[in-house]
file start_32.cif (mmCIF, C-alpha atoms)
data_start
#
loop_
_atom_site.label_atom_id
_atom_site.label_comp_id
_atom_site.auth_asym_id
_atom_site.auth_seq_id
_atom_site.Cartn_x
_atom_site.Cartn_y
_atom_site.Cartn_z
CA MET H 1 16.57 17.36 15.81
CA ASN H 2 13.13 16.76 14.33
CA ARG H 3 12.68 13.31 12.81
CA ILE H 4 11.81 12.71 9.17
CA ALA H 5 10.06 9.55 7.93
CA LEU H 6 9.38 8.31 4.40
CA ILE H 7 6.93 5.59 3.40
CA THR H 8 6.62 4.46 -0.22
CA GLY H 9 3.45 2.79 -1.46
CA ALA H 10 1.63 4.65 1.30
CA THR H 11 -1.82 5.33 -0.14
CA ARG H 12 -3.44 2.08 1.04
CA ASN H 13 -3.16 -1.00 3.22
CA LEU H 14 0.09 -1.44 5.18
CA GLY H 15 1.74 1.70 3.80
CA PHE H 16 -1.17 3.89 4.87
CA ALA H 17 -1.26 2.23 8.30
CA LEU H 18 2.48 2.88 8.74
CA VAL H 19 2.00 6.57 7.95
CA GLU H 20 -0.94 6.84 10.33
CA GLY H 21 0.92 5.07 13.13
CA LEU H 22 4.09 7.11 12.71
CA ALA H 23 2.15 10.37 12.61
CA GLN H 24 0.58 9.45 15.96
CA ARG H 25 3.76 8.13 17.61
CA LEU H 26 6.22 10.80 16.49
CA GLU H 27 6.37 14.28 17.98
CA PRO H 28 5.13 17.72 16.89
CA GLY H 29 7.72 19.13 14.54
CA ASP H 30 8.44 15.71 13.00
CA THR H 31 7.39 15.01 9.40
CA VAL H 32 6.03 11.86 7.76
CA TYR H 33 6.09 11.71 3.96
CA LEU H 34 3.17 9.79 2.48
CA THR H 35 4.18 8.95 -1.10
CA GLY H 36 2.66 7.25 -4.12
CA ARG H 37 2.54 7.53 -7.88
CA ASP H 38 -1.15 8.48 -8.21
CA PRO H 39 -1.78 12.14 -7.32
CA ALA H 40 -5.49 11.60 -6.61
CA ARG H 41 -4.79 8.73 -4.20
CA VAL H 42 -2.03 10.68 -2.45
CA ALA H 43 -4.35 13.65 -1.93
CA GLU H 44 -7.21 11.44 -0.74
CA SER H 45 -4.94 9.60 1.70
CA VAL H 46 -3.73 12.85 3.26
CA ARG H 47 -7.35 14.02 3.52
CA ARG H 48 -8.35 10.77 5.28
CA LEU H 49 -5.62 11.26 7.84
CA SER H 50 -6.60 14.87 8.47
CA ASN H 51 -10.15 13.71 9.22
CA ALA H 52 -9.12 10.74 11.39
CA LYS H 53 -10.45 10.55 14.94
CA ALA H 54 -6.99 9.97 16.40
CA LYS H 55 -5.18 13.16 15.54
CA ALA H 56 -1.57 13.11 14.41
CA ASN H 57 1.28 14.71 16.30
CA ALA H 58 3.70 14.80 13.37
CA GLU H 59 2.96 16.60 10.13
CA VAL H 60 1.95 14.35 7.21
CA ARG H 61 3.06 15.59 3.80
CA GLY H 62 1.80 13.98 0.62
CA GLU H 63 4.28 13.79 -2.25
CA LEU H 64 4.27 12.12 -5.65
CA LEU H 65 6.96 9.47 -6.02
CA ASP H 66 7.10 6.85 -8.77
CA VAL H 67 9.84 4.56 -7.51
CA ALA H 68 10.05 2.80 -10.89
CA LYS H 69 11.73 5.95 -12.27
CA SER H 70 15.27 6.40 -11.03
CA ASP H 71 15.29 10.12 -11.83
CA ALA H 72 12.12 10.64 -9.78
CA VAL H 73 13.72 8.93 -6.78
CA GLU H 74 16.89 10.98 -7.20
CA ARG H 75 14.85 14.21 -7.29
CA PHE H 76 12.97 13.17 -4.17
CA ALA H 77 16.24 12.42 -2.40
CA ASP H 78 17.47 15.89 -3.33
CA LEU H 79 14.23 17.35 -1.93
CA LEU H 80 14.73 15.55 1.40
CA ALA H 81 18.34 16.67 1.57
CA THR H 82 17.45 20.29 0.82
CA ARG H 83 14.50 20.50 3.20
CA HIS H 84 15.78 18.42 6.08
CA GLY H 85 19.41 17.43 5.56
CA GLY H 86 18.59 13.73 5.85
CA VAL H 87 15.99 11.12 6.84
CA ASP H 88 15.48 9.00 9.96
CA ILE H 89 12.90 6.31 9.16
CA VAL H 90 12.26 4.73 5.75
CA PHE H 91 9.77 2.00 4.87
CA SER H 92 10.25 0.86 1.27
CA ASN H 93 6.77 -0.62 0.97
CA HIS H 94 5.66 -0.13 -2.65
CA TYR H 95 4.14 -3.10 -4.46
CA ALA H 96 2.71 -3.58 -7.95
CA ARG H 97 -0.16 -6.06 -7.74
CA VAL H 98 -0.73 -9.06 -9.97
CA GLN H 99 -3.78 -11.31 -10.16
CA PRO H 100 -3.84 -15.12 -10.43
CA ASP H 101 -5.21 -14.96 -13.97
CA ASP H 102 -2.55 -12.50 -15.20
CA ASP H 103 -0.12 -13.81 -17.80
CA PRO H 104 3.31 -13.39 -16.16
CA ARG H 105 4.87 -12.65 -19.55
CA ALA H 106 2.54 -9.66 -19.97
CA VAL H 107 2.98 -8.14 -16.50
CA ILE H 108 6.59 -8.96 -15.64
CA ASP H 109 8.14 -5.74 -16.96
CA HIS H 110 6.03 -3.40 -14.81
CA TYR H 111 6.21 -5.78 -11.87
CA VAL H 112 10.01 -5.77 -11.85
CA GLU H 113 10.27 -2.03 -12.56
CA ALA H 114 8.18 -1.19 -9.51
CA ASN H 115 8.93 -3.93 -7.02
CA ASN H 116 12.59 -4.65 -7.70
CA LEU H 117 14.19 -1.80 -9.59
CA GLY H 118 12.08 0.54 -7.47
CA THR H 119 13.64 -1.00 -4.38
CA THR H 120 17.20 -0.60 -5.63
CA HIS H 121 16.43 3.00 -6.66
CA ILE H 122 15.39 3.68 -3.06
CA LEU H 123 18.46 1.96 -1.65
CA ARG H 124 20.82 3.90 -3.92
CA SER H 125 19.32 7.35 -3.43
CA ILE H 126 17.71 7.36 0.02
CA ALA H 127 20.04 5.16 2.10
CA PRO H 128 22.91 7.72 1.86
CA LEU H 129 20.60 10.23 3.59
CA LEU H 130 20.13 8.14 6.75
CA ARG H 131 21.11 10.06 9.85
CA ASP H 132 22.63 8.56 12.99
CA GLY H 133 20.15 6.14 14.54
CA GLY H 134 18.28 5.85 11.24
CA ARG H 135 16.11 2.93 10.16
CA LEU H 136 15.57 1.64 6.62
CA PHE H 137 13.27 -1.35 6.09
CA VAL H 138 12.34 -3.04 2.83
CA VAL H 139 8.97 -4.72 3.27
CA ALA H 140 9.39 -8.18 1.72
CA SER H 141 8.08 -11.57 2.90
CA ARG H 142 9.18 -15.01 4.05
CA ALA H 143 9.26 -15.91 0.35
CA GLY H 144 12.42 -13.80 0.18
CA SER H 145 14.48 -16.73 1.44
CA LEU H 146 16.48 -18.80 -1.04
CA ARG H 147 14.78 -21.78 0.59
CA ALA H 148 11.73 -20.90 -1.51
CA LEU H 149 13.75 -21.27 -4.73
CA ALA H 150 15.09 -24.34 -6.54
CA PRO H 151 18.69 -25.00 -5.38
CA ALA H 152 19.93 -24.82 -8.98
CA LEU H 153 18.97 -21.14 -9.01
CA HIS H 154 20.61 -20.15 -5.73
CA PRO H 155 23.88 -19.07 -7.39
CA ARG H 156 21.96 -16.37 -9.27
CA PHE H 157 21.51 -14.47 -6.00
CA GLU H 158 24.50 -15.55 -3.92
CA ASN H 159 27.74 -13.62 -3.48
CA LEU H 160 26.49 -10.53 -5.29
CA GLN H 161 28.74 -7.54 -4.74
CA SER H 162 26.68 -4.53 -5.84
CA LEU H 163 23.15 -3.34 -6.43
CA GLU H 164 23.97 -3.46 -10.13
CA ASP H 165 24.67 -7.18 -9.70
CA VAL H 166 21.25 -7.58 -8.07
CA ASP H 167 19.55 -5.70 -10.90
CA ARG H 168 21.26 -7.92 -13.47
CA ALA H 169 20.17 -11.08 -11.64
CA VAL H 170 16.59 -9.87 -11.37
CA CYS H 171 16.48 -8.70 -14.99
CA GLY H 172 17.85 -12.07 -16.13
CA TRP H 173 14.88 -13.73 -14.42
CA ARG H 174 12.54 -11.10 -15.88
CA ASP H 175 13.81 -11.80 -19.38
CA ALA H 176 13.30 -15.55 -18.89
CA VAL H 177 9.70 -14.94 -17.80
CA ARG H 178 9.04 -12.56 -20.68
CA SER H 179 10.37 -15.04 -23.24
CA GLY H 180 8.56 -18.04 -21.76
CA ARG H 181 11.83 -19.79 -20.81
CA ALA H 182 11.34 -19.49 -17.05
CA PRO H 183 9.60 -22.85 -16.43
CA GLY H 184 12.39 -24.71 -18.21
CA GLN H 185 14.94 -23.00 -15.99
CA ALA H 186 13.13 -24.09 -12.78
CA TRP H 187 11.83 -20.63 -11.92
CA PRO H 188 8.59 -20.80 -9.88
CA ALA H 189 5.33 -19.95 -11.61
CA TRP H 190 4.48 -17.40 -8.89
CA ILE H 191 6.56 -14.36 -9.80
CA ASN H 192 6.28 -13.01 -6.25
CA ILE H 193 8.95 -15.47 -5.04
CA PRO H 194 11.94 -14.44 -7.20
CA SER H 195 10.90 -10.81 -6.81
CA LYS H 196 11.00 -11.00 -3.01
CA ILE H 197 14.33 -12.86 -3.14
CA GLY H 198 15.68 -10.04 -5.30
CA GLN H 199 14.55 -7.46 -2.74
CA VAL H 200 16.18 -9.33 0.13
CA ALA H 201 19.36 -9.82 -1.92
CA ALA H 202 19.50 -6.07 -2.53
CA VAL H 203 19.29 -5.33 1.19
CA ARG H 204 22.00 -7.91 1.92
CA VAL H 205 24.32 -6.31 -0.65
CA LEU H 206 23.76 -2.79 0.65
CA ALA H 207 24.25 -3.95 4.24
CA GLY H 208 27.49 -5.65 3.30
CA GLN H 209 28.79 -2.36 1.94
CA ARG H 210 27.68 -0.23 4.91
CA ARG H 211 27.73 -2.56 7.92
CA GLU H 212 30.71 -1.30 9.90
CA ASP H 213 29.86 2.38 9.65
CA ASP H 214 26.12 1.83 10.15
CA LEU H 215 26.58 -0.20 13.30
CA ARG H 216 28.90 2.46 14.66
CA ARG H 217 26.24 5.11 13.95
CA GLY H 218 23.31 3.08 15.31
CA ILE H 219 21.68 2.64 11.90
CA LEU H 220 19.56 -0.43 11.14
CA ILE H 221 18.94 -1.63 7.59
CA ALA H 222 16.90 -4.81 7.15
CA SER H 223 14.26 -6.62 5.13
CA ILE H 224 10.97 -7.20 6.91
CA SER H 225 8.56 -10.11 6.68
CA PRO H 226 5.27 -8.75 8.07
CA GLY H 227 3.35 -12.01 7.64
CA LEU H 228 -0.07 -12.42 6.11
CA ILE H 229 -2.15 -9.25 5.76
CA ASP H 230 -5.82 -9.16 4.80
CA THR H 231 -5.78 -6.96 1.69
CA GLY H 232 -7.34 -7.04 -1.75
CA ALA H 233 -4.00 -8.09 -3.20
CA SER H 234 -3.62 -11.10 -0.91
CA ARG H 235 -7.25 -12.25 -0.98
CA ALA H 236 -6.92 -13.06 -4.67
CA TRP H 237 -4.21 -15.61 -3.87
CA LEU H 238 -4.77 -16.96 -0.36
CA ASP H 239 -7.46 -17.69 2.19
CA MET H 240 -7.26 -14.66 4.48
CA THR H 241 -9.68 -15.98 7.11
CA GLY H 242 -8.38 -14.75 10.44
CA ALA H 243 -5.50 -12.80 8.91
CA PRO H 244 -4.77 -9.46 10.59
CA GLN H 245 -5.72 -6.10 9.15
CA PRO H 246 -3.02 -3.66 7.98
CA ASP H 247 -3.19 -1.54 11.13
CA GLU H 248 -2.62 -4.63 13.30
CA VAL H 249 0.43 -5.57 11.23
CA ALA H 250 1.82 -2.03 11.29
CA GLY H 251 2.13 -1.96 15.08
CA PRO H 252 5.07 -4.38 15.49
CA LEU H 253 6.86 -2.84 12.51
CA LEU H 254 6.60 0.58 14.09
CA ASP H 255 7.79 -0.84 17.41
CA LEU H 256 10.95 -2.02 15.65
CA ALA H 257 11.42 1.26 13.78
CA LEU H 258 11.16 3.25 17.01
CA ASP H 259 13.18 0.86 19.18
CA PRO H 260 16.28 2.85 20.24
CA SER H 261 18.41 -0.29 20.57
CA PRO H 262 17.30 -3.12 18.26
CA HIS H 263 19.39 -6.27 18.21
CA GLU H 264 22.47 -5.90 16.02
CA SER H 265 21.88 -9.39 14.60
CA PHE H 266 18.93 -7.99 12.62
CA TYR H 267 21.25 -5.81 10.54
CA GLY H 268 21.10 -6.77 6.84
CA GLU H 269 18.81 -9.76 7.50
CA LEU H 270 15.23 -10.72 6.67
CA VAL H 271 13.35 -10.37 9.97
CA HIS H 272 9.87 -11.74 10.56
CA VAL H 273 7.92 -9.19 12.59
CA GLY H 274 4.36 -10.01 13.59
CA ARG H 275 2.42 -13.16 14.31
CA GLU H 276 4.09 -16.53 14.63
CA GLU H 277 3.51 -18.20 11.25
CA PRO H 278 4.57 -21.22 9.18
CA GLY H 279 7.71 -20.61 7.14
CA PRO H 280 8.29 -21.43 3.45
CA PHE H 281 8.55 -25.16 4.16
CA GLY H 282 6.23 -25.45 7.13
CA SER H 283 8.62 -24.59 9.94
CA VAL H 284 7.24 -22.03 12.37
CA VAL H 285 8.75 -18.54 12.22
CA ARG H 286 8.26 -16.57 15.41
CA SER H 287 8.04 -12.82 15.66
CA GLY H 288 11.41 -11.14 15.88
CA ALA H 289 13.17 -14.12 14.29
CA ILE H 290 15.63 -13.94 11.42
CA VAL H 291 14.40 -15.88 8.38
CA PRO H 292 17.37 -17.92 7.10
CA TRP H 293 18.75 -16.78 3.76
CA LYS H 294 19.45 -20.36 2.64
#
call {"tool": "encode", "arguments": {"input": "start_32.cif", "output": "structure tokens"}}
result
Amino acid sequence: MNRIALITGATRNLGFALVEGLAQRLEPGDTVYLTGRDPARVAESVRRLSNAKAKANAEVRGELLDVAKSDAVERFADLLATRHGGVDIVFSNHYARVQPDDDPRAVIDHYVEANNLGTTHILRSIAPLLRDGGRLFVVASRAGSLRALAPALHPRFENLQSLEDVDRAVCGWRDAVRSGRAPGQAWPAWINIPSKIGQVAAVRVLAGQRREDDLRRGILIASISPGLIDTGASRAWLDMTGAPQPDEVAGPLLDLALDPSPHESFYGELVHVGREEPGPFGSVVRSGAIVPWK
């Protein structure tokens, strides 16, 4: 059966590199969906790949997909089901950028709609389409560990039973940021941290619901920490001297996605894939290691 891959947030940086790498590593007859919410960028990204020196084996199809809109994700899931009957590889990679001088109260609504609710939309609508041996990865970061959050806030994300529970927890934090109450509740000033924790919590909830059947079918669902990546989004926040480029980071992620027998311990966890790097509190996280939840 021909393999089908989907990458969200695929018009630049890591998402684009994942599409390019998959198109080269998969076989003729396979299809890689390059998706984004800007039609001009989607079209330009597909054009860039068609002109690349290293020609693709798999077909790359550009499609519009605004993950912040649940109905758009549902329609796209229906499209995949109708055309192909399922999906084999999914990288939920979309990310709404923020800048250091942005007022969190002004940007939090769009940030959460794209990064968090967009992730749960993908998990609800696309995960049911995974075929035997399928892979679904949510690209998060080491900041997705509860260790990066004040202990008083840990109960907000622990023992959640459904994706609706995750959405409520995330939206509670969003509302605190919007109203200016977040600092008094010990939420970190950098909104990336609770957002990443919400993404990892969503994967943990979904995995808890599907674990037994997925392991029987050879399916892997996990959050991924790709480490530092030299992009315009990261340069605004951190010193990227010596940080790898998106195509360097994509390689180990693709190795994991195409590994026919990844370690079962990765299922439902946050896995650091890439260079060995300091963790949230200075401890070294090696490639292929599970980042502790708490």
call {"tool": "atom_distance", "arguments": {"input": "start_32.cif", "atom1": "atom CA of H:Val205", "atom2": "atom CA of H:Asn159"}}
result
8.6 Å
call {"tool": "closest_residue", "arguments": {"input": "start_32.cif", "among": "H:Arg181, H:Arg217, H:Arg174, H:Arg142", "to": "H:Glu269", "atoms": "only C-alpha atoms"}}
result
H:Arg142
call {"tool": "atom_distance", "arguments": {"input": "start_32.cif", "atom1": "atom CA of H:Ser125", "atom2": "atom CA of H:Ile197"}}
result
20.8 Å
call {"tool": "closest_residue", "arguments": {"input": "start_32.cif", "among": "H:Asp88, H:Glu20, H:Glu158, H:Asp78", "to": "H:Asn2", "atoms": "all atoms listed in the file"}}
result
H:Asp88
call {"tool": "resolve_selection", "arguments": {"input": "start_32.cif", "expression": "the PyMOL selection byres ((chain H and resi 110) around 12)", "output": "list in words"}}
result
Asp66, Val67, Ala68, Lys69, Tyr95, Ala96, Arg97, Val98, Pro104, Arg105, Ala106, Val107, Ile108, Asp109, Tyr111, Val112, Glu113, Ala114, Asn115, Asn116, Leu117, Gly118, Cys171, Arg174, Arg178 and Ser195 of chain H
call {"tool": "atom_distance", "arguments": {"input": "start_32.cif", "atom1": "atom CA of H:Ser50", "atom2": "atom CA of H:Glu27"}}
result
16.1 Å
call {"tool": "resolve_selection", "arguments": {"input": "start_32.cif", "expression": "the PyMOL selection byres ((chain H and resi 120) around 12)", "output": "MDAnalysis selection string"}}
result
chainID H and resid 67:70 73:74 92 94 112:119 121:127 138 162:168 170 198:206
call {"tool": "closest_residue", "arguments": {"input": "start_32.cif", "among": "H:Gln99, H:Thr82, H:Thr31, H:Gln24", "to": "H:Lys55", "atoms": "only C-alpha atoms"}}
result
H:Gln24
call {"tool": "resolve_selection", "arguments": {"input": "start_32.cif", "expression": "the PyMOL selection byres ((chain H and resi 8) around 8)", "output": "list of chain:residue names"}}
result
H:Leu6, H:Ile7, H:Gly9, H:Ala10, H:Gly15, H:Leu34, H:Thr35, H:Gly36, H:Leu65, H:Val67, H:Phe91, H:Ser92, H:Asn93, H:His94
call {"tool": "residues_around", "arguments": {"input": "start_32.cif", "residues": "H:Leu136", "least_positions_apart": "4", "cutoff": "7 Å", "atoms": "all atoms listed in the file", "output": "ChimeraX atom specification"}}
result
/H:89-91,220-222
call {"tool": "closest_residue", "arguments": {"input": "start_32.cif", "among": "H:Ile4, H:Ala207, H:Leu153, H:Leu256", "to": "H:Gly184", "atoms": "only C-alpha atoms"}}
result
H:Leu153
call {"tool": "closest_residue", "arguments": {"input": "start_32.cif", "among": "H:Ala148, H:Ala43, H:Val19, H:Ile290", "to": "H:Asn192", "atoms": "all atoms listed in the file"}}
result
H:Ala148
call {"tool": "residues_around", "arguments": {"input": "start_32.cif", "residues": "H:Asp213", "least_positions_apart": "5", "cutoff": "12 Å", "atoms": "all atoms listed in the file", "output": "PDB file with C-alpha atoms, in the frame of the given file"}}
result
ATOM      1  CA  PRO H 128      22.910   7.720   1.860  1.00  0.00           C
ATOM      2  CA  LEU H 130      20.130   8.140   6.750  1.00  0.00           C
ATOM      3  CA  ARG H 131      21.110  10.060   9.850  1.00  0.00           C
ATOM      4  CA  ASP H 132      22.630   8.560  12.990  1.00  0.00           C
ATOM      5  CA  GLY H 133      20.150   6.140  14.540  1.00  0.00           C
ATOM      6  CA  ALA H 207      24.250  -3.950   4.240  1.00  0.00           C
ATOM      7  CA  GLY H 208      27.490  -5.650   3.300  1.00  0.00           C
ATOM      8  CA  GLY H 218      23.310   3.080  15.310  1.00  0.00           C
ATOM      9  CA  ILE H 219      21.680   2.640  11.900  1.00  0.00           C
ATOM     10  CA  LEU H 220      19.560  -0.430  11.140  1.00  0.00           C
ATOM     11  CA  ILE H 221      18.940  -1.630   7.590  1.00  0.00           C
ATOM     12  CA  TYR H 267      21.250  -5.810  10.540  1.00  0.00           C
TER      13      TYR H 267
END
call {"tool": "build_atoms", "arguments": {"input": "start_32.cif", "residues": "stretch 94-116 of chain H", "atoms": "N, CA and C atoms", "output": "PDB file, keeping the file's coordinate frame"}}
result
ATOM      1  N   HIS H  94       6.412  -0.124  -1.406  1.00  0.00           N
ATOM      2  CA  HIS H  94       5.660  -0.130  -2.650  1.00  0.00           C
ATOM      3  C   HIS H  94       5.510  -1.548  -3.203  1.00  0.00           C
ATOM      4  N   TYR H  95       4.409  -1.774  -3.905  1.00  0.00           N
ATOM      5  CA  TYR H  95       4.140  -3.100  -4.460  1.00  0.00           C
ATOM      6  C   TYR H  95       3.187  -2.978  -5.633  1.00  0.00           C
ATOM      7  N   ALA H  96       3.590  -3.501  -6.789  1.00  0.00           N
ATOM      8  CA  ALA H  96       2.710  -3.580  -7.950  1.00  0.00           C
ATOM      9  C   ALA H  96       1.967  -4.906  -7.892  1.00  0.00           C
ATOM     10  N   ARG H  97       0.651  -4.852  -7.889  1.00  0.00           N
ATOM     11  CA  ARG H  97      -0.160  -6.060  -7.740  1.00  0.00           C
ATOM     12  C   ARG H  97      -0.207  -6.870  -9.029  1.00  0.00           C
ATOM     13  N   VAL H  98      -0.375  -8.181  -8.857  1.00  0.00           N
ATOM     14  CA  VAL H  98      -0.730  -9.060  -9.970  1.00  0.00           C
ATOM     15  C   VAL H  98      -1.862  -9.956  -9.502  1.00  0.00           C
ATOM     16  N   GLN H  99      -2.649 -10.437 -10.450  1.00  0.00           N
ATOM     17  CA  GLN H  99      -3.780 -11.310 -10.160  1.00  0.00           C
ATOM     18  C   GLN H  99      -3.471 -12.731 -10.637  1.00  0.00           C
ATOM     19  N   PRO H 100      -4.123 -13.731 -10.038  1.00  0.00           N
ATOM     20  CA  PRO H 100      -3.840 -15.120 -10.430  1.00  0.00           C
ATOM     21  C   PRO H 100      -4.048 -15.411 -11.908  1.00  0.00           C
ATOM     22  N   ASP H 101      -4.961 -14.688 -12.552  1.00  0.00           N
ATOM     23  CA  ASP H 101      -5.210 -14.960 -13.970  1.00  0.00           C
ATOM     24  C   ASP H 101      -4.362 -14.098 -14.905  1.00  0.00           C
ATOM     25  N   ASP H 102      -3.459 -13.292 -14.353  1.00  0.00           N
ATOM     26  CA  ASP H 102      -2.550 -12.500 -15.200  1.00  0.00           C
ATOM     27  C   ASP H 102      -1.531 -13.415 -15.868  1.00  0.00           C
ATOM     28  N   ASP H 103      -1.195 -13.114 -17.111  1.00  0.00           N
ATOM     29  CA  ASP H 103      -0.120 -13.810 -17.800  1.00  0.00           C
ATOM     30  C   ASP H 103       1.203 -13.200 -17.335  1.00  0.00           C
ATOM     31  N   PRO H 104       2.052 -13.966 -16.657  1.00  0.00           N
ATOM     32  CA  PRO H 104       3.310 -13.390 -16.160  1.00  0.00           C
ATOM     33  C   PRO H 104       4.124 -12.716 -17.254  1.00  0.00           C
ATOM     34  N   ARG H 105       4.092 -13.242 -18.468  1.00  0.00           N
ATOM     35  CA  ARG H 105       4.870 -12.650 -19.550  1.00  0.00           C
ATOM     36  C   ARG H 105       4.395 -11.237 -19.880  1.00  0.00           C
ATOM     37  N   ALA H 106       3.099 -10.974 -19.638  1.00  0.00           N
ATOM     38  CA  ALA H 106       2.540  -9.660 -19.970  1.00  0.00           C
ATOM     39  C   ALA H 106       2.763  -8.633 -18.865  1.00  0.00           C
ATOM     40  N   VAL H 107       2.908  -9.089 -17.626  1.00  0.00           N
ATOM     41  CA  VAL H 107       2.980  -8.140 -16.500  1.00  0.00           C
ATOM     42  C   VAL H 107       4.370  -8.018 -15.904  1.00  0.00           C
ATOM     43  N   ILE H 108       5.301  -8.879 -16.329  1.00  0.00           N
ATOM     44  CA  ILE H 108       6.590  -8.960 -15.640  1.00  0.00           C
ATOM     45  C   ILE H 108       7.400  -7.665 -15.711  1.00  0.00           C
ATOM     46  N   ASP H 109       7.325  -6.952 -16.841  1.00  0.00           N
ATOM     47  CA  ASP H 109       8.140  -5.740 -16.960  1.00  0.00           C
ATOM     48  C   ASP H 109       7.758  -4.710 -15.903  1.00  0.00           C
ATOM     49  N   HIS H 110       6.471  -4.396 -15.799  1.00  0.00           N
ATOM     50  CA  HIS H 110       6.030  -3.400 -14.810  1.00  0.00           C
ATOM     51  C   HIS H 110       6.258  -3.907 -13.400  1.00  0.00           C
ATOM     52  N   TYR H 111       6.042  -5.190 -13.192  1.00  0.00           N
ATOM     53  CA  TYR H 111       6.210  -5.780 -11.870  1.00  0.00           C
ATOM     54  C   TYR H 111       7.644  -5.597 -11.367  1.00  0.00           C
ATOM     55  N   VAL H 112       8.600  -5.896 -12.226  1.00  0.00           N
ATOM     56  CA  VAL H 112      10.010  -5.770 -11.850  1.00  0.00           C
ATOM     57  C   VAL H 112      10.413  -4.297 -11.730  1.00  0.00           C
ATOM     58  N   GLU H 113       9.933  -3.458 -12.632  1.00  0.00           N
ATOM     59  CA  GLU H 113      10.270  -2.030 -12.560  1.00  0.00           C
ATOM     60  C   GLU H 113       9.868  -1.427 -11.226  1.00  0.00           C
ATOM     61  N   ALA H 114       8.668  -1.765 -10.762  1.00  0.00           N
ATOM     62  CA  ALA H 114       8.180  -1.190  -9.510  1.00  0.00           C
ATOM     63  C   ALA H 114       8.767  -1.895  -8.296  1.00  0.00           C
ATOM     64  N   ASN H 115       8.610  -3.206  -8.244  1.00  0.00           N
ATOM     65  CA  ASN H 115       8.930  -3.930  -7.020  1.00  0.00           C
ATOM     66  C   ASN H 115      10.427  -4.114  -6.797  1.00  0.00           C
ATOM     67  N   ASN H 116      11.163  -4.359  -7.865  1.00  0.00           N
ATOM     68  CA  ASN H 116      12.590  -4.650  -7.700  1.00  0.00           C
ATOM     69  C   ASN H 116      13.490  -3.478  -8.049  1.00  0.00           C
TER      70      ASN H 116
END
